[in-house]
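Here is the structure we will look at.
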Amino acid sequence: MIRILLAEDDDVMREYLARALTSAGYHVTAVDRGTEAVPYIDSGTFDLLLSDIVMPEMDGIELAQHTAKAAPQTQVMFITGFAAVSLRAEENVPQAKLLSKPFHLKDLVREVDNLFGRADRSSQQ
C-alpha cells in the first residue's frame with residue numbers, strides 16, 4: 001500500500017485531506033507541523049510527503065529539503081493558498097508537484113493517483 005505523510009497545520013483541512021486519501025486506498029499518517037514530520041521522514045518508509053507550505057516551526061519547503069536528503073525516494077507534493085509562496089516553492093524544490101488551494105478533493109486524489117501510475121483508477125471513479 002502506498003504510504004503518504006501529510007503535514008498540514010490546519011486541523012479541519014488535515015482531517016479532510018486524510019479522510020479523502022484514505023478512502024482512495026492510501027495509508028495516511030497525518031501531522032500538524034513540519035518538525036513533527038521529521039522523524040517519520042527519517043524512517044524512510046513514505047512514498048509521498050504531502051505538505052502545506054506555510055506552517056509553524058518548520059515550513060513545507062524546509063521539510064521538503066530535509067526529505068530530499070534523508071529520504072530521496074520520497075516524492076513531494078505541496079498544497080498552498082499563497083501565490084507568492086508557490087513561486088518560492090518552485091524555485092527551492094523544483095521537482096515537487098504543487099496544488100493550489102482551493103481545490104476539490106477529487107483533484108487531489110487524481111494528482112496523487114497520477115504520481116503513482118494509478119490514473120486509470122481515477123478516471124473510473
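By convention here, the chains of the C-alpha cells are called A, B, ... in the order presented, each chain's residues are numbered starting at 1, and ligands are numbered starting at 1 in the order presented.
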
>> What's around range 99-110 of chain A at 7 Å? Count only C-alpha atoms, leave out sequence neighbours fewer than 2 positions away in its own chain, and write the answer as a list in words.
In response: Ala20, Leu21, Phe78, Ile79, Thr80, Gly81, Lys97, Val112, Asp113, Asn114, Ala119 and Ser122 of chain A

Counting only C-alpha atoms, which residues in range 16-68 of chain A sit no more than 9 Å from range 3-11 of chain A? For each one, give the nearest pair of atoms and the distance in Å, sorted by chain then residue number, as JSON lines.
```
{"residue": "A:Tyr16", "atom": "CA", "partner": "A:Asp11", "partner_atom": "CA", "distance": 8.6}
{"residue": "A:Leu17", "atom": "CA", "partner": "A:Leu6", "partner_atom": "CA", "distance": 8.3}
{"residue": "A:Ala18", "atom": "CA", "partner": "A:Leu6", "partner_atom": "CA", "distance": 7.4}
{"residue": "A:Leu21", "atom": "CA", "partner": "A:Ile4", "partner_atom": "CA", "distance": 8.6}
{"residue": "A:Tyr26", "atom": "CA", "partner": "A:Arg3", "partner_atom": "CA", "distance": 6.2}
{"residue": "A:His27", "atom": "CA", "partner": "A:Arg3", "partner_atom": "CA", "distance": 4.8}
{"residue": "A:Val28", "atom": "CA", "partner": "A:Ile4", "partner_atom": "CA", "distance": 4.8}
{"residue": "A:Thr29", "atom": "CA", "partner": "A:Leu5", "partner_atom": "CA", "distance": 5.0}
{"residue": "A:Ala30", "atom": "CA", "partner": "A:Leu6", "partner_atom": "CA", "distance": 4.6}
{"residue": "A:Val31", "atom": "CA", "partner": "A:Ala7", "partner_atom": "CA", "distance": 5.0}
{"residue": "A:Asp32", "atom": "CA", "partner": "A:Asp9", "partner_atom": "CA", "distance": 4.3}
{"residue": "A:Arg33", "atom": "CA", "partner": "A:Asp9", "partner_atom": "CA", "distance": 5.6}
{"residue": "A:Gly34", "atom": "CA", "partner": "A:Ala7", "partner_atom": "CA", "distance": 6.3}
{"residue": "A:Glu36", "atom": "CA", "partner": "A:Ala7", "partner_atom": "CA", "distance": 8.4}
{"residue": "A:Ala37", "atom": "CA", "partner": "A:Ala7", "partner_atom": "CA", "distance": 6.7}
{"residue": "A:Tyr40", "atom": "CA", "partner": "A:Leu5", "partner_atom": "CA", "distance": 7.7}
{"residue": "A:Ile41", "atom": "CA", "partner": "A:Leu5", "partner_atom": "CA", "distance": 8.1}
{"residue": "A:Thr45", "atom": "CA", "partner": "A:Arg3", "partner_atom": "CA", "distance": 7.4}
{"residue": "A:Phe46", "atom": "CA", "partner": "A:Arg3", "partner_atom": "CA", "distance": 5.0}
{"residue": "A:Asp47", "atom": "CA", "partner": "A:Arg3", "partner_atom": "CA", "distance": 5.3}
{"residue": "A:Leu48", "atom": "CA", "partner": "A:Ile4", "partner_atom": "CA", "distance": 4.8}
{"residue": "A:Leu49", "atom": "CA", "partner": "A:Leu5", "partner_atom": "CA", "distance": 4.9}
{"residue": "A:Leu50", "atom": "CA", "partner": "A:Leu6", "partner_atom": "CA", "distance": 4.8}
{"residue": "A:Ser51", "atom": "CA", "partner": "A:Ala7", "partner_atom": "CA", "distance": 4.6}
{"residue": "A:Asp52", "atom": "CA", "partner": "A:Glu8", "partner_atom": "CA", "distance": 5.2}
{"residue": "A:Ile53", "atom": "CA", "partner": "A:Glu8", "partner_atom": "CA", "distance": 8.4}
{"residue": "A:Val54", "atom": "CA", "partner": "A:Asp9", "partner_atom": "CA", "distance": 8.3}
{"residue": "A:Met55", "atom": "CA", "partner": "A:Asp9", "partner_atom": "CA", "distance": 5.9}
{"residue": "A:Pro56", "atom": "CA", "partner": "A:Asp9", "partner_atom": "CA", "distance": 7.6}
{"residue": "A:Gly60", "atom": "CA", "partner": "A:Ala7", "partner_atom": "CA", "distance": 7.9}
```

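Here the question is which of A:Gly117, A:Met1, A:Gln95, A:Arg14 gets nearest to Pro72 in chain A using only C-alpha atoms, and that residue is A:Gln95.
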
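Minimum atom-to-atom distances from A:Gly25, A:Val12, A:Thr74, A:Ile61 to Asp42 in chain A were compared using only C-alpha atoms, and the lowest value belongs to A:Thr74.
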
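Distances here use only C-alpha atoms; by that measure, the residue among A:Met13, A:Ser23, A:Val76, A:Arg118 closest to Ala64 in chain A is A:Val76.
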
>> DSSP on the backbone, strand (DSSP E) only: what residues of range 13-46 of chain A does that give? Format it as a PyMOL selection string.
In response: chain A and resi 27-31

Dump of N, CA, C and O atoms for the selected residues, as an mmCIF file, in the first residue's frame:
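The result, stored in result_31.cif:
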```cif
data_model
loop_
_atom_site.group_PDB
_atom_site.id
_atom_site.type_symbol
_atom_site.label_atom_id
_atom_site.label_comp_id
_atom_site.auth_asym_id
_atom_site.auth_seq_id
_atom_site.Cartn_x
_atom_site.Cartn_y
_atom_site.Cartn_z
ATOM 1 N N HIS A 27 -2.485 4.723 2.562
ATOM 2 C CA HIS A 27 -2.215 4.707 4.003
ATOM 3 C C HIS A 27 -1.678 6.083 4.358
ATOM 4 O O HIS A 27 -0.632 6.493 3.850
ATOM 5 N N VAL A 28 -2.379 6.810 5.218
ATOM 6 C CA VAL A 28 -2.035 8.195 5.529
ATOM 7 C C VAL A 28 -1.647 8.338 6.995
ATOM 8 O O VAL A 28 -2.371 7.889 7.890
ATOM 9 N N THR A 29 -0.507 8.970 7.220
ATOM 10 C CA THR A 29 -0.095 9.402 8.550
ATOM 11 C C THR A 29 -0.121 10.917 8.515
ATOM 12 O O THR A 29 0.510 11.523 7.642
ATOM 13 N N ALA A 30 -0.859 11.540 9.439
ATOM 14 C CA ALA A 30 -1.038 12.987 9.411
ATOM 15 C C ALA A 30 -0.410 13.634 10.633
ATOM 16 O O ALA A 30 -0.562 13.143 11.758
ATOM 17 N N VAL A 31 0.307 14.741 10.392
ATOM 18 C CA VAL A 31 0.934 15.521 11.460
ATOM 19 C C VAL A 31 0.576 16.987 11.272
ATOM 20 O O VAL A 31 0.186 17.403 10.178
#
```

> What does the distance from CA of Ala24 in chain A to CA of Lys69 in chain A come to in Å, to one decimal?
Replying inline: 28.9 Å
